[in-house]
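Engineer: Dropping in data11.tsv, with TSV, C-alpha atoms and all ligand atoms.
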chain	number	residue	atom	x	y	z
A	13	MET	CA	129.04	135.79	117.02
A	14	LYS	CA	128.44	135.21	120.74
A	15	THR	CA	125.05	134.86	122.42
A	16	VAL	CA	124.03	136.14	125.83
A	17	LEU	CA	120.82	135.13	127.61
A	18	ILE	CA	119.63	137.71	130.16
A	19	THR	CA	116.76	137.44	132.67
A	20	GLY	CA	114.49	140.27	133.79
A	21	CYS	CA	114.88	142.41	130.65
A	22	SER	CA	111.62	144.34	130.91
A	23	SER	CA	113.26	147.19	132.84
A	24	GLY	CA	116.26	148.46	134.77
A	25	PHE	CA	119.60	146.67	134.65
A	26	GLY	CA	118.35	143.84	132.41
A	27	LEU	CA	117.08	146.22	129.75
A	28	ALA	CA	120.29	148.31	129.85
A	29	THR	CA	122.46	145.19	129.67
A	30	THR	CA	120.47	143.92	126.69
A	31	ARG	CA	121.10	147.20	124.85
A	32	THR	CA	124.82	147.18	125.70
A	33	PHE	CA	125.45	143.66	124.39
A	34	HIS	CA	123.31	144.26	121.29
A	35	ASP	CA	125.05	147.56	120.51
A	36	ARG	CA	128.41	145.77	120.75
A	37	GLY	CA	127.51	143.16	118.14
A	38	TRP	CA	126.32	140.24	120.28
A	39	ARG	CA	123.27	138.08	119.70
A	40	VAL	CA	120.94	138.66	122.69
A	41	VAL	CA	118.17	136.48	124.06
A	42	ALA	CA	116.28	138.97	126.22
A	43	THR	CA	113.90	137.14	128.54
A	44	MET	CA	110.89	138.63	130.31
A	45	ARG	CA	107.96	137.29	132.30
A	46	ALA	CA	105.59	139.16	129.97
A	47	PRO	CA	107.47	139.63	126.68
A	48	ARG	CA	107.36	143.11	125.14
A	49	GLU	CA	108.87	143.67	121.71
A	50	ASP	CA	108.41	147.46	121.86
A	51	LEU	CA	111.16	148.05	124.45
A	52	LEU	CA	114.01	147.04	122.19
A	53	PRO	CA	115.18	147.76	118.64
A	54	ARG	CA	114.09	145.44	115.84
A	55	SER	CA	117.10	143.27	115.01
A	56	ASP	CA	117.87	139.78	113.74
A	57	ARG	CA	120.38	139.58	116.62
A	58	LEU	CA	117.74	140.16	119.30
A	59	ARG	CA	115.06	137.73	120.46
A	60	VAL	CA	112.56	138.28	123.23
A	61	LEU	CA	111.51	135.04	124.98
A	62	PRO	CA	109.10	134.43	127.86
A	63	LEU	CA	110.76	133.30	131.08
A	64	ASP	CA	109.57	133.22	134.67
A	65	VAL	CA	112.55	132.01	136.69
A	66	THR	CA	110.29	130.56	139.40
A	67	ASP	CA	108.70	128.11	136.92
A	68	PRO	CA	110.83	125.08	135.95
A	69	ALA	CA	108.71	124.41	132.83
A	70	SER	CA	109.23	128.02	131.72
A	71	ILE	CA	112.99	127.59	132.25
A	72	ASP	CA	113.02	124.40	130.12
A	73	ARG	CA	111.06	126.07	127.31
A	74	ALA	CA	113.27	129.17	127.27
A	75	VAL	CA	116.52	127.16	127.26
A	76	GLN	CA	115.22	124.96	124.41
A	77	ALA	CA	114.07	127.96	122.39
A	78	ALA	CA	117.26	129.96	122.99
A	79	GLY	CA	119.61	127.46	121.33
A	80	PRO	CA	123.35	127.69	122.07
A	81	VAL	CA	124.21	130.31	124.70
A	82	ASP	CA	127.73	131.54	125.58
A	83	VAL	CA	126.91	133.79	128.53
A	84	LEU	CA	124.07	133.62	131.07
A	85	VAL	CA	123.15	136.76	133.05
A	86	ASN	CA	120.92	136.01	136.04
A	87	ASN	CA	119.52	139.48	136.69
A	88	ALA	CA	115.81	138.92	137.50
A	89	GLY	CA	114.93	139.69	141.08
A	90	PHE	CA	112.96	141.81	143.48
A	91	GLY	CA	113.46	143.45	146.86
A	92	ALA	CA	111.50	143.70	150.08
A	93	ALA	CA	111.51	146.24	152.91
A	94	VAL	CA	110.13	144.35	155.88
A	95	PRO	CA	111.14	144.04	159.54
A	96	PHE	CA	112.52	140.52	159.88
A	97	GLU	CA	110.16	139.79	162.80
A	98	LEU	CA	107.17	140.51	160.58
A	99	THR	CA	108.32	138.82	157.37
A	100	SER	CA	105.66	136.34	156.27
A	101	PRO	CA	106.72	132.83	155.24
A	102	THR	CA	105.07	133.49	151.87
A	103	LEU	CA	107.24	136.52	151.17
A	104	ALA	CA	110.36	134.72	152.41
A	105	ARG	CA	109.68	131.84	150.03
A	106	GLU	CA	108.95	134.16	147.09
A	107	LEU	CA	112.20	136.06	147.64
A	108	PHE	CA	114.26	132.87	147.69
A	109	GLU	CA	112.30	131.27	144.83
A	110	THR	CA	113.00	134.24	142.53
A	111	ASN	CA	116.34	135.64	143.66
A	112	THR	CA	118.07	132.43	144.72
A	113	LEU	CA	116.44	129.26	143.40
A	114	GLY	CA	115.52	130.89	140.08
A	115	THR	CA	119.19	131.78	139.57
A	116	MET	CA	120.28	128.28	140.56
A	117	LEU	CA	117.78	126.42	138.36
A	118	LEU	CA	118.47	128.44	135.22
A	119	THR	CA	122.21	128.03	135.79
A	120	GLN	CA	121.78	124.27	136.11
A	121	ALA	CA	119.73	124.20	132.91
A	122	LEU	CA	122.58	125.81	130.92
A	123	LEU	CA	125.55	124.04	132.50
A	124	PRO	CA	125.37	120.84	130.40
A	125	GLN	CA	125.92	122.79	127.17
A	126	PHE	CA	128.68	124.93	128.74
A	127	ARG	CA	130.47	121.80	130.01
A	128	ALA	CA	130.10	119.99	126.68
A	129	ARG	CA	131.57	123.02	124.88
A	130	GLY	CA	134.33	123.56	127.45
A	131	ALA	CA	133.34	127.24	127.67
A	132	GLY	CA	130.69	129.49	129.15
A	133	VAL	CA	130.25	132.39	131.55
A	134	ILE	CA	127.65	132.84	134.31
A	135	VAL	CA	127.10	136.35	135.66
A	136	ASN	CA	124.90	136.58	138.74
A	137	VAL	CA	123.58	140.01	139.71
A	138	THR	CA	123.34	140.25	143.51
A	139	SER	CA	123.60	143.45	145.55
A	140	SER	CA	125.84	145.73	147.58
A	141	VAL	CA	123.52	145.08	150.56
A	142	THR	CA	125.63	141.94	150.98
A	143	LEU	CA	128.68	144.17	151.59
A	144	LYS	CA	127.30	146.19	154.51
A	145	ALA	CA	124.41	145.23	156.76
A	146	LEU	CA	121.28	147.39	156.51
A	147	PRO	CA	118.10	147.09	158.59
A	148	LEU	CA	114.72	145.99	157.16
A	149	VAL	CA	116.16	144.01	154.26
A	150	ALA	CA	117.29	140.87	156.07
A	151	LEU	CA	115.47	138.33	153.88
A	152	TYR	CA	116.37	140.12	150.64
A	153	THR	CA	120.01	140.29	151.77
A	154	ALA	CA	119.94	136.60	152.68
A	155	SER	CA	118.52	135.68	149.25
A	156	LYS	CA	121.38	137.55	147.52
A	157	ALA	CA	124.12	136.44	149.96
A	158	ALA	CA	123.13	132.84	149.19
A	159	VAL	CA	123.76	133.57	145.49
A	160	ASN	CA	127.18	135.05	146.34
A	161	ALA	CA	128.05	131.90	148.29
A	162	PHE	CA	126.90	129.32	145.74
A	163	THR	CA	128.46	131.26	142.85
A	164	GLU	CA	131.88	131.42	144.52
A	165	SER	CA	131.87	127.70	145.29
A	166	MET	CA	130.48	126.80	141.85
A	167	ALA	CA	133.17	128.93	140.17
A	168	VAL	CA	135.90	126.79	141.69
A	169	GLU	CA	134.02	123.60	140.75
A	170	LEU	CA	133.50	124.67	137.12
A	171	ALA	CA	136.91	126.22	136.37
A	172	PRO	CA	138.38	122.86	135.25
A	173	PHE	CA	135.64	122.72	132.55
A	174	GLY	CA	136.55	126.16	131.17
A	175	ILE	CA	133.45	127.76	132.69
A	176	ARG	CA	133.69	131.08	134.56
A	177	ALA	CA	131.23	132.44	137.15
A	178	HIS	CA	131.13	136.03	138.39
A	179	LEU	CA	129.10	138.25	140.69
A	180	VAL	CA	128.02	141.80	139.89
A	181	LEU	CA	127.08	143.74	143.02
A	182	PRO	CA	125.11	146.89	142.17
A	183	GLY	CA	124.50	149.68	144.63
A	184	ARG	CA	121.24	151.58	145.02
A	185	ALA	CA	119.72	152.50	141.67
A	186	PRO	CA	116.65	154.72	142.10
A	187	ALA	CA	116.15	154.98	138.31
A	188	THR	CA	115.05	151.36	137.88
A	189	ARG	CA	111.64	149.91	138.80
A	190	PHE	CA	113.21	148.12	141.77
A	191	GLY	CA	111.66	150.50	144.34
A	192	ASP	CA	108.20	150.25	142.78
A	193	ASN	CA	108.44	146.47	142.54
A	194	ALA	CA	109.78	145.98	146.08
A	195	ARG	CA	107.38	144.43	148.57
A	196	ARG	CA	106.59	146.27	151.76
A	197	GLU	CA	105.12	144.56	154.80
A	198	GLY	CA	104.76	145.51	158.45
A	199	LEU	CA	106.20	148.99	158.01
A	200	ASP	CA	103.38	150.66	159.92
A	201	HIS	CA	104.10	148.53	163.00
A	202	GLN	CA	104.71	151.02	165.80
A	203	ALA	CA	107.95	149.41	166.92
A	204	TYR	CA	109.54	149.87	163.50
A	205	VAL	CA	108.13	153.22	162.33
A	206	GLU	CA	111.16	155.28	163.38
A	207	LEU	CA	113.64	152.82	161.88
A	208	MET	CA	111.66	152.83	158.66
A	209	GLN	CA	111.64	156.63	158.51
A	210	GLN	CA	115.44	156.71	158.96
A	211	PHE	CA	115.82	154.02	156.31
A	212	LEU	CA	113.63	155.89	153.82
A	213	ALA	CA	115.41	159.19	154.51
A	214	GLY	CA	118.72	157.48	153.66
A	215	MET	CA	117.21	156.06	150.47
A	216	ARG	CA	115.93	159.48	149.41
A	217	ASP	CA	119.10	161.47	150.15
A	218	PRO	CA	119.64	163.39	146.89
A	219	LEU	CA	123.35	163.92	147.68
A	220	ALA	CA	124.21	160.26	148.28
A	221	PRO	CA	126.08	158.48	145.47
A	222	VAL	CA	123.97	156.01	143.48
A	223	THR	CA	124.33	153.33	140.83
A	224	HIS	CA	123.29	153.94	137.23
A	225	VAL	CA	121.98	151.23	134.92
A	226	ASP	CA	125.02	151.57	132.65
A	227	ASP	CA	127.37	150.94	135.60
A	228	VAL	CA	125.75	147.53	135.91
A	229	ALA	CA	125.71	146.86	132.16
A	230	GLU	CA	129.46	147.67	132.01
A	231	ALA	CA	130.20	145.41	134.97
A	232	VAL	CA	128.30	142.53	133.33
A	233	TRP	CA	130.12	143.23	130.06
A	234	CYS	CA	133.47	143.07	131.90
A	235	ALA	CA	132.53	139.74	133.53
A	236	ALA	CA	131.36	138.30	130.20
A	237	THR	CA	134.28	139.37	128.04
A	238	ASP	CA	137.39	139.63	130.26
A	239	PRO	CA	138.77	136.21	131.25
A	240	ASP	CA	140.69	137.96	134.04
A	241	ALA	CA	137.65	139.78	135.44
A	242	PRO	CA	137.44	139.63	139.26
A	243	ARG	CA	135.02	137.16	140.77
A	244	ARG	CA	133.10	140.00	142.53
A	245	ILE	CA	132.51	143.20	140.59
A	246	PRO	CA	130.88	146.08	142.49
A	247	ALA	CA	128.88	148.31	140.12
A	248	GLY	CA	128.17	151.98	140.84
A	249	GLU	CA	129.89	154.66	142.91
A	250	ASP	CA	128.14	153.66	146.14
A	251	ALA	CA	128.88	149.95	145.69
A	252	LEU	CA	132.55	150.69	144.90
A	253	ALA	CA	132.82	152.76	148.10
A	254	LEU	CA	131.28	149.93	150.14
A	255	ALA	CA	133.62	147.37	148.57
A	256	ARG	CA	136.57	149.59	149.60
A	257	GLY	CA	135.21	149.44	153.14
A	258	GLY	CA	133.59	152.91	153.07
B	301	LIG	N1	117.81	148.90	141.76
B	301	LIG	C1	118.54	148.63	142.84
B	301	LIG	O1	118.66	149.49	143.74
B	301	LIG	C2	119.28	147.31	142.95
B	301	LIG	C3	120.42	147.29	143.75
B	301	LIG	C4	121.14	146.10	143.85
B	301	LIG	C5	120.72	144.97	143.18
B	301	LIG	N2	119.59	145.01	142.42
B	301	LIG	C6	119.22	143.77	141.72
B	301	LIG	O2	119.35	143.99	140.33
B	301	LIG	C7	118.43	143.16	139.61
B	301	LIG	C8	117.65	144.00	138.65
B	301	LIG	O3	116.93	144.97	139.39
B	301	LIG	P1	116.47	146.38	138.78
B	301	LIG	O4	116.99	147.42	139.67
B	301	LIG	O5	116.76	146.44	137.33
B	301	LIG	O6	114.89	146.28	139.08
B	301	LIG	P2	113.61	146.21	138.12
B	301	LIG	O7	113.60	147.39	137.21
B	301	LIG	O8	112.47	145.99	139.05
B	301	LIG	O9	113.88	144.90	137.24
B	301	LIG	C9	113.73	143.62	137.78
B	301	LIG	C10	113.43	142.66	136.67
B	301	LIG	O10	113.30	141.34	137.22
B	301	LIG	C11	112.14	140.76	136.64
B	301	LIG	N3	111.58	139.68	137.43
B	301	LIG	C12	111.06	139.73	138.68
B	301	LIG	N4	110.63	138.51	139.05
B	301	LIG	C13	110.86	137.68	137.99
B	301	LIG	C14	110.63	136.31	137.73
B	301	LIG	N5	110.04	135.50	138.64
B	301	LIG	N6	111.03	135.79	136.54
B	301	LIG	C15	111.61	136.58	135.61
B	301	LIG	N7	111.83	137.89	135.77
B	301	LIG	C16	111.45	138.43	136.96
B	301	LIG	C17	111.17	141.91	136.47
B	301	LIG	O11	110.18	141.54	135.54
B	301	LIG	P3	108.66	142.05	135.56
B	301	LIG	O12	108.65	143.29	134.70
B	301	LIG	O13	107.90	140.90	134.97
B	301	LIG	O14	108.30	142.32	137.01
B	301	LIG	C18	112.13	142.98	135.95
B	301	LIG	O15	112.35	142.82	134.56
B	301	LIG	C19	117.58	142.45	140.68
B	301	LIG	O16	118.09	141.15	140.88
B	301	LIG	C20	117.81	143.30	141.93
B	301	LIG	O17	117.65	142.54	143.11
B	301	LIG	C21	118.87	146.17	142.28
The structure in this file should be written as structure tokens.
Structural biologist:
Amino acid sequence: MKTVLITGCSSGFGLATTRTFHDRGWRVVATMRAPREDLLPRSDRLRVLPLDVTDPASIDRAVQAAGPVDVLVNNAGFGAAVPFELTSPTLARELFETNTLGTMLLTQALLPQFRARGAGVIVNVTSSVTLKALPLVALYTASKAAVNAFTESMAVELAPFGIRAHLVLPGRAPATRFGDNARREGLDHQAYVELMQQFLAGMRDPLAPVTHVDDVAEAVWCAATDPDAPRRIPAGEDALALARGG
């Protein structure tokens, strides 16, 4: 029986991906900053472990406690709607520490066992914002584009060891807690008010195609289980349209 370790399982894509792998017979290590047992079914194939991806000691503890892992899903992350000019250094660091360095450090922590076994899959959840430039999300986009770049280089480096690495690029998913958890700074600055209103109107368009949590869970499943899965897997109708150049 295979084991998947997933980050950011308290809501959204991480929670849906946990349910998908568990329903399909996998052992799942569902990690959360503040573990909650009540979100998931009781099962001897499901463990909830504490993990804050910005804390190296937390990463070490979670990897030790998890035992052998076949697939790592780096899903934890947060967004920010901020004019680049007004982005504070603190927010910039937090975005990169969670979305980028957190993904890198957890990956590094699991690579020795993948290499020793000659097998393993890394699935990094980034975003369709890296496919088409949008205003007011420059630092968030940069934190995810950096993950795209290191994953694609790492994939080539690790292929000789039997290790695969893939990217899942979700589109906009209003049903997750992403919008509530996103940071907002400087949006009332007069110079950016109109841009922000246009941006928010686009986000709230009820007719625009969106991404559903199961689109992402299926894309992660494909990356984990299909040795011929593409390196980049857009997830959701909007992300697929962007990937086609729409
Ligand atoms: N929803 C979208 O529109 C969208 C689109 C493209 C890509 N994405 C990406 O998809 C991923 C999942 O987002 P989502 O939509 O499912 O949002 P979500 O519902 O807000 O889930 C994000 C998860 O990440 C966790 N997290 C945040 N910081 C963490 C940290 N330092 N250590 C460990 N876990 C942490 C959160 O945990 P807590 O409960 O502890 O905060 C939460 O479980 C993110 O990487 C996001 O950037 C989202």
Engineer: What does the list of residues within 7 Å of ligand LIG 301 (chain B) look like if you count all atoms listed in the file, written as an MDAnalysis selection string?
Structural biologist: chainID A and resid 19:26 44:46 63:66 87:91 110:111 137:140 181:186 188:191 193
Engineer: Go through segment 36-95 of chain A residue by residue and, counting all atoms listed in the file, keep those with an atom at most 8 Å from segment 150-156 of chain A; for each kept residue give the shortest atom pair and its distance in Å to one decimal, ordered by chain and increasing number, as JSON lines.
Structural biologist:
{"residue": "A:Gly91", "atom": "CA", "partner": "A:Tyr152", "partner_atom": "CA", "distance": 5.8}
{"residue": "A:Ala92", "atom": "CA", "partner": "A:Tyr152", "partner_atom": "CA", "distance": 6.1}
{"residue": "A:Val94", "atom": "CA", "partner": "A:Ala150", "partner_atom": "CA", "distance": 8.0}
{"residue": "A:Pro95", "atom": "CA", "partner": "A:Ala150", "partner_atom": "CA", "distance": 7.7}
Engineer: Which centre and which edge lengths, in Å to one decimal, describe the axis-aligned box that holds all listed atoms of segment 240-244 of chain A after 8 Å is added on each side, as AutoDock Vina command-line options?
Structural biologist:
--center_x 136.9 --center_y 138.6 --center_z 138.3 --size_x 23.6 --size_y 18.8 --size_z 24.5
Engineer: Need to verify the contact set: segment 198-210 of chain A, 12 Å, all atoms listed in the file, exclusion of same-chain residues closer than 3 positions in sequence. Can you return it as a short mmCIF file (atom, residue, chain, number, x, y, z; two decimals) with C-alpha atoms, in the coordinates of the input?
Structural biologist:
data_model
loop_
_atom_site.label_atom_id
_atom_site.label_comp_id
_atom_site.auth_asym_id
_atom_site.auth_seq_id
_atom_site.Cartn_x
_atom_site.Cartn_y
_atom_site.Cartn_z
CA ALA A 92 111.50 143.70 150.08
CA ALA A 93 111.51 146.24 152.91
CA VAL A 94 110.13 144.35 155.88
CA PRO A 95 111.14 144.04 159.54
CA PHE A 96 112.52 140.52 159.88
CA GLU A 97 110.16 139.79 162.80
CA LEU A 98 107.17 140.51 160.58
CA THR A 99 108.32 138.82 157.37
CA SER A 100 105.66 136.34 156.27
CA LEU A 103 107.24 136.52 151.17
CA LEU A 146 121.28 147.39 156.51
CA PRO A 147 118.10 147.09 158.59
CA LEU A 148 114.72 145.99 157.16
CA VAL A 149 116.16 144.01 154.26
CA ARG A 195 107.38 144.43 148.57
CA ALA A 213 115.41 159.19 154.51
CA GLY A 214 118.72 157.48 153.66
CA MET A 215 117.21 156.06 150.47
CA ARG A 216 115.93 159.48 149.41
CA ASP A 217 119.10 161.47 150.15
#
Engineer: Which one is closest to Asn86 of chain A: A:Ala255, A:Ala121, A:Leu212, A:Ile134? Count all atoms listed in the file.
Structural biologist: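 For Asn86 of chain A, the nearest of the candidates is A:Ile134.
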Engineer: Select, from A:Cys234, A:Met13, A:Leu52, A:Ile245, the residue with the minimum atom-to-atom distance to Gly37 of chain A, counting all atoms listed in the file.
Structural biologist: A:Met13
Engineer: May I ask for the distance between atom CA of Val41 of chain A and atom CA of Leu61 of chain A, given in Å to one decimal place?
Structural biologist: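 Separation of atom CA of Val41 of chain A and atom CA of Leu61 of chain A: 6.9 Å.
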Engineer: Contacts of Arg127 of chain A at 10 Å or less, counting only C-alpha atoms, minus same-chain residues fewer than 2 places along, as a ChimeraX atom specification?
Structural biologist: /A:122-125,129-132,170,172-175
Engineer: From the options A:Arg57, A:His34, A:Arg105, A:Arg176, which residue's atoms come nearest to Asp238 of chain A, counting all atoms listed in the file?
Structural biologist: A:Arg176
